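See below for upload-v2.txt, which holds compact mmCIF, C-alpha atoms.
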```txt
# COMPACT_ATOMS: atom_id res chain seq x y z
CA MET A 1 27.52 -20.53 36.74
CA LYS A 2 27.94 -17.79 34.12
CA LYS A 3 29.83 -20.17 31.84
CA LEU A 4 27.06 -22.74 32.19
CA LEU A 5 24.39 -20.12 31.44
CA TYR A 6 26.38 -18.92 28.39
CA ALA A 7 26.65 -22.49 27.12
CA ILE A 8 22.91 -23.06 27.51
CA VAL A 9 22.08 -19.82 25.65
CA THR A 10 24.49 -20.76 22.87
CA ILE A 11 22.85 -24.15 22.47
CA ILE A 12 19.40 -22.55 22.33
CA VAL A 13 20.50 -20.04 19.66
CA ILE A 14 22.04 -22.76 17.51
CA ALA A 15 18.92 -24.87 17.88
CA SER A 16 16.67 -21.99 16.81
CA VAL A 17 18.81 -21.24 13.78
CA LEU A 18 18.91 -24.85 12.58
CA MET A 19 15.51 -26.02 13.79
CA PRO A 20 14.76 -29.11 11.68
CA VAL A 21 11.56 -29.92 9.86
CA TYR A 22 10.56 -33.40 8.84
CA GLY A 23 10.32 -34.20 5.15
CA ALA A 24 7.76 -36.43 3.49
CA ASN A 25 9.87 -39.50 4.33
CA GLY A 26 10.04 -38.57 8.01
CA THR A 27 13.69 -37.51 7.85
CA ALA A 28 14.70 -34.38 9.73
CA VAL A 29 16.10 -31.75 7.36
CA THR A 30 17.65 -28.35 7.91
CA PHE A 31 19.64 -26.08 5.62
CA SER A 32 22.87 -24.41 6.68
CA ASP A 33 22.06 -21.38 4.50
CA VAL A 34 18.41 -20.94 5.58
CA LYS A 35 18.15 -19.45 9.05
CA SER A 36 15.27 -18.42 11.25
CA GLY A 37 14.46 -14.73 10.81
CA GLN A 38 15.26 -14.57 7.10
CA TRP A 39 12.27 -13.41 5.04
CA PHE A 40 12.10 -16.66 3.06
CA TYR A 41 12.64 -19.03 6.02
CA ASN A 42 9.00 -19.95 6.65
CA ASP A 43 8.23 -20.57 2.97
CA VAL A 44 11.31 -22.73 2.41
CA MET A 45 10.68 -24.80 5.51
CA THR A 46 6.96 -25.17 4.72
CA LEU A 47 7.79 -26.66 1.34
CA THR A 48 10.57 -28.77 2.83
CA GLY A 49 8.17 -30.26 5.34
CA LYS A 50 5.85 -31.25 2.49
CA GLY A 51 8.65 -32.90 0.54
CA ILE A 52 8.58 -30.28 -2.24
CA ILE A 53 12.06 -28.91 -1.54
CA THR A 54 15.06 -31.18 -0.99
CA GLY A 55 17.96 -28.75 -1.40
CA VAL A 56 20.92 -28.78 -3.77
CA THR A 57 23.11 -31.15 -1.73
CA THR A 58 22.57 -34.45 0.03
CA PRO A 59 22.01 -33.73 3.74
CA VAL A 60 24.80 -34.77 6.08
CA ASN A 61 23.47 -35.58 9.55
CA GLY A 62 20.21 -33.92 8.49
CA VAL A 63 21.85 -30.66 7.34
CA GLY A 64 21.88 -29.76 3.65
CA LYS A 65 22.21 -26.66 1.49
CA TYR A 66 19.36 -24.79 -0.21
CA ASP A 67 21.24 -22.03 -2.11
CA PRO A 68 18.52 -19.38 -1.63
CA GLN A 69 20.27 -16.76 -3.77
CA GLY A 70 20.88 -19.15 -6.64
CA THR A 71 18.91 -18.66 -9.86
CA VAL A 72 16.21 -21.29 -10.29
CA THR A 73 16.49 -23.51 -13.36
CA LEU A 74 13.74 -25.05 -15.47
CA GLY A 75 14.60 -28.47 -14.07
CA GLN A 76 14.36 -27.28 -10.47
CA PHE A 77 11.09 -25.46 -11.13
CA LEU A 78 9.54 -28.50 -12.78
CA ALA A 79 10.72 -30.74 -9.95
CA MET A 80 8.98 -28.59 -7.36
CA SER A 81 5.89 -28.14 -9.57
CA THR A 82 5.35 -31.86 -10.16
CA ARG A 83 5.93 -32.72 -6.50
CA LEU A 84 3.16 -30.26 -5.69
CA VAL A 85 0.40 -31.40 -8.06
CA ALA A 86 1.62 -34.23 -10.33
CA GLU A 87 3.44 -36.63 -8.04
CA GLU A 88 1.60 -39.65 -9.45
CA TYR A 89 3.11 -38.93 -12.88
CA ILE A 90 6.72 -38.98 -11.67
CA LYS A 91 8.34 -42.23 -12.77
CA SER A 92 11.92 -43.41 -12.88
CA VAL A 93 13.72 -42.89 -16.21
CA PRO A 94 16.76 -45.20 -16.50
CA ASN A 95 19.89 -43.62 -17.96
CA ALA A 96 18.29 -40.18 -18.21
CA GLU A 97 20.72 -37.44 -19.25
CA HIS A 98 19.44 -35.12 -16.50
CA TRP A 99 18.14 -35.75 -13.01
CA ALA A 100 14.94 -33.74 -13.73
CA VAL A 101 13.88 -35.73 -16.81
CA PRO A 102 11.29 -37.70 -14.74
CA ASN A 103 9.82 -34.38 -13.56
CA TYR A 104 9.86 -32.98 -17.10
CA ARG A 105 7.95 -36.00 -18.40
CA ALA A 106 5.52 -35.79 -15.48
CA ALA A 107 4.89 -32.12 -16.26
CA VAL A 108 4.14 -32.94 -19.91
CA GLU A 109 1.89 -35.92 -19.12
CA SER A 110 -0.06 -34.00 -16.48
CA GLY A 111 -0.57 -30.98 -18.74
CA LEU A 112 1.52 -28.52 -16.73
CA ILE A 113 3.59 -27.82 -19.85
CA GLN A 114 3.60 -28.59 -23.57
CA SER A 115 6.65 -30.32 -25.01
CA SER A 116 6.47 -27.96 -28.00
CA ASP A 117 7.07 -24.97 -25.71
CA PHE A 118 9.47 -26.50 -23.16
CA LYS A 119 12.37 -28.72 -24.15
CA GLY A 120 13.55 -31.60 -21.97
CA THR A 121 17.21 -31.53 -22.98
CA LYS A 122 20.04 -31.28 -20.48
CA GLU A 123 20.82 -27.74 -21.66
CA ALA A 124 17.21 -26.60 -21.35
CA LEU A 125 16.71 -28.12 -17.89
CA ASN A 126 19.91 -26.50 -16.61
CA ALA A 127 18.99 -23.06 -17.98
CA PRO A 128 17.32 -20.38 -15.82
CA ILE A 129 13.54 -20.37 -16.23
CA SER A 130 12.01 -17.04 -17.24
CA ARG A 131 9.28 -15.31 -15.25
CA GLU A 132 6.82 -15.56 -18.15
CA ASP A 133 7.41 -19.33 -18.30
CA MET A 134 6.92 -19.50 -14.53
CA ALA A 135 3.61 -17.68 -14.92
CA TYR A 136 2.48 -20.20 -17.53
CA ILE A 137 3.26 -23.15 -15.26
CA LEU A 138 1.86 -21.50 -12.12
CA VAL A 139 -1.51 -20.96 -13.78
CA ASN A 140 -1.61 -24.65 -14.69
CA ILE A 141 -0.59 -25.62 -11.15
CA ALA A 142 -3.51 -23.61 -9.80
CA LYS A 143 -5.83 -25.33 -12.28
CA ALA A 144 -4.53 -28.77 -11.28
CA ASN A 145 -5.16 -27.76 -7.68
CA GLY A 146 -8.80 -27.02 -8.50
CA GLU A 147 -8.55 -23.25 -8.88
CA GLU A 148 -9.57 -21.43 -12.06
CA LEU A 149 -7.76 -18.11 -11.90
CA GLU A 150 -9.76 -15.06 -12.95
CA GLU A 151 -8.34 -12.10 -14.82
CA THR A 152 -8.57 -8.64 -13.27
CA TYR A 153 -9.96 -6.30 -15.90
CA GLY A 154 -7.41 -3.68 -16.94
CA ILE A 155 -4.48 -5.30 -15.12
CA THR A 156 -2.18 -4.67 -18.08
CA HIS A 157 -2.17 -1.01 -17.06
CA ASN A 158 0.01 -2.16 -14.14
CA ILE A 159 2.58 -3.81 -16.41
CA LYS A 160 4.64 -1.23 -18.28
CA ASP A 161 6.69 -3.86 -20.13
CA PHE A 162 3.77 -6.11 -21.05
CA TYR A 163 4.70 -5.68 -24.71
CA LYS A 164 7.81 -7.78 -23.99
CA VAL A 165 5.76 -10.81 -22.95
CA GLU A 166 5.63 -13.65 -25.49
CA SER A 167 2.14 -13.77 -26.99
CA LYS A 168 1.64 -17.42 -25.97
CA LYS A 169 2.34 -16.52 -22.36
CA SER A 170 0.42 -13.22 -22.17
CA ASP A 171 -2.81 -14.72 -20.79
CA ALA A 172 -0.87 -16.61 -18.13
CA VAL A 173 1.03 -13.48 -17.10
CA ILE A 174 -2.24 -11.58 -16.77
CA LYS A 175 -3.77 -14.32 -14.59
CA ALA A 176 -0.67 -14.81 -12.46
CA TYR A 177 -0.40 -11.04 -11.91
CA SER A 178 -4.14 -10.59 -11.28
CA ASN A 179 -4.10 -13.21 -8.53
CA GLY A 180 -0.89 -12.10 -6.82
CA LEU A 181 1.11 -15.19 -7.75
CA LEU A 182 3.82 -13.35 -9.63
CA VAL A 183 3.77 -9.56 -9.75
CA GLY A 184 6.10 -6.83 -10.96
CA ASP A 185 8.72 -4.62 -9.40
CA ASP A 186 8.26 -1.19 -7.85
CA LYS A 187 8.65 0.40 -11.30
CA ARG A 188 5.67 -1.61 -12.63
CA ASN A 189 7.85 -3.86 -14.79
CA PHE A 190 7.11 -7.58 -14.95
CA ASN A 191 10.55 -8.41 -16.40
CA PRO A 192 9.23 -11.42 -18.35
CA GLN A 193 12.61 -12.70 -19.56
CA GLN A 194 14.33 -12.47 -16.18
CA SER A 195 14.30 -15.24 -13.59
CA LEU A 196 13.88 -15.56 -9.80
CA THR A 197 16.10 -16.75 -6.99
CA ARG A 198 15.37 -20.02 -5.25
CA ALA A 199 14.27 -18.03 -2.19
CA GLU A 200 11.75 -16.06 -4.25
CA VAL A 201 10.45 -19.22 -5.92
CA ALA A 202 9.66 -20.76 -2.52
CA THR A 203 7.42 -17.79 -1.79
CA VAL A 204 5.73 -18.06 -5.19
CA PHE A 205 4.94 -21.76 -4.70
CA CYS A 206 3.49 -21.07 -1.25
CA ARG A 207 1.25 -18.44 -2.82
CA VAL A 208 -0.05 -20.67 -5.62
CA MET A 209 -0.92 -23.43 -3.12
CA ASN A 210 -2.43 -20.90 -0.68
CA TYR A 211 0.01 -21.85 2.06
CA THR A 212 0.59 -18.12 2.53
CA LYS A 213 -1.51 -15.06 1.80
CA ARG A 214 -1.24 -13.63 -1.68
CA PRO A 215 -0.58 -9.92 -2.15
CA GLU A 216 -3.60 -7.86 -3.17
CA VAL A 217 -3.36 -6.34 -6.62
CA THR A 218 -5.14 -3.11 -7.57
CA VAL A 219 -5.36 -1.83 -11.13
CA LYS A 220 -3.63 1.46 -11.85
CA TRP A 221 -5.97 3.00 -14.38
CA PRO A 222 -4.75 5.75 -16.71
CA GLY A 223 -4.97 9.11 -15.00
CA THR A 224 -4.79 7.84 -11.43
CA ASP A 225 -2.40 9.12 -8.82
CA ASP A 226 -1.70 5.84 -7.13
CA PRO A 227 -2.44 2.16 -7.88
CA GLY A 228 -3.83 1.68 -4.42
CA THR A 229 -6.10 4.71 -4.14
CA GLY A 230 -7.65 5.00 -7.59
CA THR A 231 -7.77 8.77 -7.08
CA THR A 232 -8.30 10.44 -10.44
CA LYS A 233 -6.21 13.38 -11.52
CA LYS A 234 -8.79 16.05 -12.17
CA ARG A 235 -8.90 17.99 -15.41
CA GLU A 236 -11.85 19.29 -17.32
CA PRO A 237 -12.60 17.98 -20.83
CA MET A 238 -10.89 20.10 -23.46
CA VAL A 239 -10.37 20.40 -27.19
CA LEU A 240 -7.51 18.31 -28.59
CA ARG A 241 -6.11 18.78 -32.07
CA TYR A 242 -4.45 15.97 -34.03
CA ASP A 243 -1.63 18.35 -35.05
CA ASP A 244 -0.81 19.51 -31.50
CA PRO A 245 2.27 17.47 -30.47
CA ASP A 246 1.99 18.65 -26.85
CA ARG A 247 -1.64 17.63 -26.29
CA PRO A 248 -2.28 15.65 -23.07
CA LEU A 249 -3.49 12.08 -23.03
CA PRO A 250 -7.19 12.06 -23.97
CA ILE A 251 -10.02 11.49 -21.51
CA ALA A 252 -13.69 10.81 -22.05
CA GLY A 253 -15.48 14.08 -22.79
CA ASP A 254 -12.62 15.67 -24.73
CA THR A 255 -13.41 16.98 -28.20
CA PHE A 256 -10.91 15.67 -30.73
CA ILE A 257 -10.37 17.51 -34.01
CA ASP A 258 -9.05 15.08 -36.61
CA LYS A 259 -7.02 15.85 -39.76
CA ASN A 260 -10.24 16.40 -41.74
CA GLY A 261 -11.49 19.01 -39.30
CA ASN A 262 -14.15 16.75 -37.82
CA LYS A 263 -14.97 17.35 -34.16
CA ILE A 264 -15.66 14.18 -32.19
CA VAL A 265 -16.54 13.99 -28.50
CA LEU A 266 -14.55 11.12 -27.03
CA THR A 267 -16.29 8.32 -25.19
CA GLU A 268 -14.94 5.49 -23.07
CA THR A 269 -16.08 1.90 -23.57
CA GLY A 270 -14.53 -1.21 -22.09
CA GLY A 271 -12.12 0.98 -20.15
CA VAL A 272 -10.63 2.43 -23.36
CA VAL A 273 -11.01 6.04 -24.47
CA GLY A 274 -11.94 6.33 -28.15
CA TYR A 275 -12.95 2.69 -28.58
CA GLY A 276 -14.88 2.24 -31.83
CA GLN A 277 -14.66 5.91 -32.84
CA GLY A 278 -12.19 5.37 -35.69
CA LEU A 279 -9.70 7.93 -34.42
CA ASP A 280 -5.91 8.02 -34.43
CA LEU A 281 -5.65 9.76 -31.08
CA TYR A 282 -1.95 9.50 -30.39
CA SER A 283 0.03 9.79 -33.63
CA GLY A 284 2.03 13.02 -33.70
CA LYS A 285 2.54 13.26 -29.94
CA LYS A 286 6.00 14.53 -29.10
CA TYR A 287 8.77 12.46 -27.52
CA PRO A 288 11.10 14.18 -25.02
CA ASN A 289 13.72 14.33 -27.80
CA GLY A 290 11.32 16.16 -30.10
CA GLU A 291 10.49 13.25 -32.41
CA LEU A 292 6.83 12.48 -33.10
CA LEU A 293 5.02 9.22 -32.37
CA VAL A 294 3.96 7.17 -35.39
CA ASP A 295 2.34 3.77 -35.94
CA GLY A 296 4.57 1.03 -34.53
CA ASP A 297 6.53 3.29 -32.17
CA ILE A 298 6.92 2.76 -28.44
CA GLY A 299 5.10 5.08 -26.05
CA SER A 300 6.83 7.46 -23.67
CA GLU A 301 5.93 9.54 -20.63
CA TYR A 302 3.47 12.30 -21.46
CA HIS A 303 3.04 15.24 -19.10
CA GLY A 304 4.18 13.15 -16.16
CA ASP A 305 1.84 10.26 -17.04
CA SER A 306 3.73 7.01 -17.68
CA THR A 307 0.63 4.93 -18.49
CA TYR A 308 1.94 4.03 -21.95
CA MET A 309 5.65 4.08 -21.20
CA GLY A 310 7.23 1.25 -23.20
CA ASP A 311 3.90 0.27 -24.82
CA PHE A 312 3.75 -0.20 -28.61
CA TYR A 313 1.32 1.98 -30.57
CA TYR A 314 -0.67 0.40 -33.39
CA VAL A 315 -3.09 1.90 -35.92
CA ASP A 316 -5.68 -0.43 -37.45
CA LYS A 317 -5.29 -0.24 -41.22
CA LYS A 318 -9.00 -0.85 -41.92
CA THR A 319 -10.55 1.68 -39.57
CA GLY A 320 -7.70 4.10 -38.94
CA GLU A 321 -8.25 3.73 -35.20
CA GLY A 322 -5.14 3.81 -33.04
CA HIS A 323 -4.45 2.51 -29.54
CA PHE A 324 -1.50 1.38 -27.49
CA ARG A 325 -1.10 -2.39 -27.21
CA SER A 326 -2.39 -2.56 -23.64
CA ASP A 327 -5.61 -0.88 -24.76
CA TRP A 328 -5.93 -3.15 -27.80
CA LEU A 329 -5.70 -6.11 -25.41
CA ASP A 330 -8.43 -4.59 -23.25
CA ILE A 331 -10.60 -4.09 -26.35
CA ALA A 332 -10.05 -7.68 -27.46
CA ASP A 333 -10.97 -8.89 -23.98
CA TYR A 334 -14.08 -6.68 -23.91
CA GLU A 335 -15.32 -7.89 -27.31
CA LEU A 336 -14.63 -11.54 -26.52
CA LYS A 337 -16.67 -11.33 -23.33
CA LEU A 338 -19.55 -9.94 -25.38
CA ALA A 339 -19.05 -12.57 -28.08
CA VAL A 340 -19.20 -15.64 -25.84
CA LYS A 341 -22.67 -14.59 -24.70
CA ASN A 342 -23.92 -15.63 -28.16
CA LYS A 343 -25.09 -19.21 -27.73
CA ASN A 344 -25.45 -20.14 -31.42
CA PRO A 345 -23.19 -17.84 -33.44
CA LYS A 346 -23.18 -18.01 -37.24
CA ASP A 347 -20.22 -17.89 -39.57
CA GLY A 348 -19.20 -14.30 -40.22
CA GLN A 349 -21.15 -12.93 -37.26
CA LYS A 350 -19.41 -9.86 -35.88
CA VAL A 351 -19.25 -8.52 -32.35
CA GLY A 352 -17.90 -5.05 -31.75
CA TYR A 353 -15.50 -3.94 -34.46
CA TRP A 354 -12.76 -6.57 -34.59
CA THR A 355 -14.19 -9.87 -33.37
CA ILE A 356 -15.77 -12.29 -35.87
CA TYR A 357 -17.01 -15.87 -35.64
CA ARG A 358 -15.60 -18.51 -38.00
CA GLU A 359 -17.61 -21.71 -38.25
CA LYS A 360 -14.69 -23.62 -39.78
CA VAL A 361 -12.69 -23.43 -36.57
CA GLN A 362 -15.72 -22.82 -34.32
CA MET A 363 -14.01 -19.89 -32.68
CA TRP A 364 -14.31 -16.17 -32.26
CA ILE A 365 -11.39 -14.59 -34.11
CA TRP A 366 -9.73 -11.25 -33.36
CA THR A 367 -9.08 -9.31 -36.57
CA GLY A 368 -7.58 -6.15 -35.11
CA PRO A 369 -3.91 -5.23 -34.63
```
When written as structure tokens, how does the structure in this file appear?
Amino acid sequence: MKKLLYAIVTIIVIASVLMPVYGANGTAVTFSDVKSGQWFYNDVMTLTGKGIITGVTTPVNGVGKYDPQGTVTLGQFLAMSTRLVAEEYIKSVPNAEHWAVPNYRAAVESGLIQSSDFKGTKEALNAPISREDMAYILVNIAKANGEELEETYGITHNIKDFYKVESKKSDAVIKAYSNGLLVGDDKRNFNPQQSLTRAEVATVFCRVMNYTKRPEVTVKWPGTDDPGTGTTKKREPMVLRYDDPDRPLPIAGDTFIDKNGNKIVLTETGGVVGYGQGLDLYSGKKYPNGELLVDGDIGSEYHGDSTYMGDFYYVDKKTGEGHFRSDWLDIADYELKLAVKNKNPKDGQKVGYWTIYREKVQMWIWTGP
């Protein structure tokens, strides 16, 4: 009796570990390396059931291999992307040099990618896809699925290595991060040039299609204790001198004494301290090694505040105003939102300090750093 009971329990355990789902063609599929209880199990099997995931091997008796810890390639990512939202564009390509060429072409034709930014060669399709490229495609998947992703104002304060993001992909990274599709690590790095595992990608695709709940993202503003609480570190406004290398990061209400002896009370507009006041607030601040920050340098940790850690510092040559790149991006976003409220702008019309309308291209142009 005990042997019979043991055999029954064993059968039940095996069945629960390799519980099949049915793919789009009605075929039962399980993966030998995806087992119930693993954190990615539900996401992988959800996508498998919808025919989005097929694994890396041909199933034998309904059992295949998924390779959850494998690095996802551009070809694999495009295959899953087009199966999600561009299936009607997938067409057979005779004698293609890579199995994912039909998916690549479908992605181009459907607008998920631009052929100028993503190559369809065998080498490119076999290469790992970067996180910034994933963000770009994910935003377009959401759009194809009827969702216009909104940007969370100030989200770049959460991304310490935002300066590493390719300029063409920066808007996509902001939107993907703002909406919890693809966020950073526990050190607030997005790691734009790194990739993801196939297990992680399954979770990302389930998020973009709203098959699973997306993580909530809260902006960590400068001077806050925690990204989730928004609790401000208290300090009273004080006098800051341009030639004091140990001065703290400025806050609204501080009085800044510039190199000409002028005393200016700092204000905050658009979430940026010193916006439009023509001040070089950060040059001359001391690095831990004693060197002083200058235009074009990378920010460090100041008095325990890592807000601008790894962020490039730029001084506008026309106005002499200086900000870290994340703040310049916030300023550009702030001015653009003001600019688009103008229904009939004229050539040369200016909004804020660095945004101007050009009739020739019918666009608002950013002229700052």
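Our summary of the geometry notes that atom CA of Val361 of chain A is positioned 18.8 Å from atom CA of Leu338 of chain A.
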**Asked** With only C-alpha atoms as the basis for distance, which of A:Glu97, A:Asp161, A:Asp280, A:Glu200 is at the shortest distance from Asn126 of chain A?
**Response**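 Closest candidate: A:Glu97.
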**Of the listed residues A:Trp364, A:Phe77, A:Tyr308, A:Phe118, that which approaches Ile159 of chain A most closely, counting all atoms listed in the file** =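 Of A:Trp364, A:Phe77, A:Tyr308, A:Phe118, the one nearest Ile159 of chain A, counting all atoms listed in the file, is A:Tyr308.
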**Request:** Tell me which protein, DNA and RNA residues are within 8 Å of Tyr177 of chain A, counting all atoms listed in the file, leaving out same-chain ones fewer than 6 positions away, and put them as a VMD selection string.
**Result:** chain A and resid 155 183 to 184 217
**Request:** Excluding Phe324 of chain A and residues on its chain fewer than 4 positions from it, collect all residues at most 12 Å away from it, counting all atoms listed in the file, and give them as a ChimeraX atom specification.
**Result:** /A:156-157,160,162-163,249,272-275,280-283,293-300,307-316,328-331,369
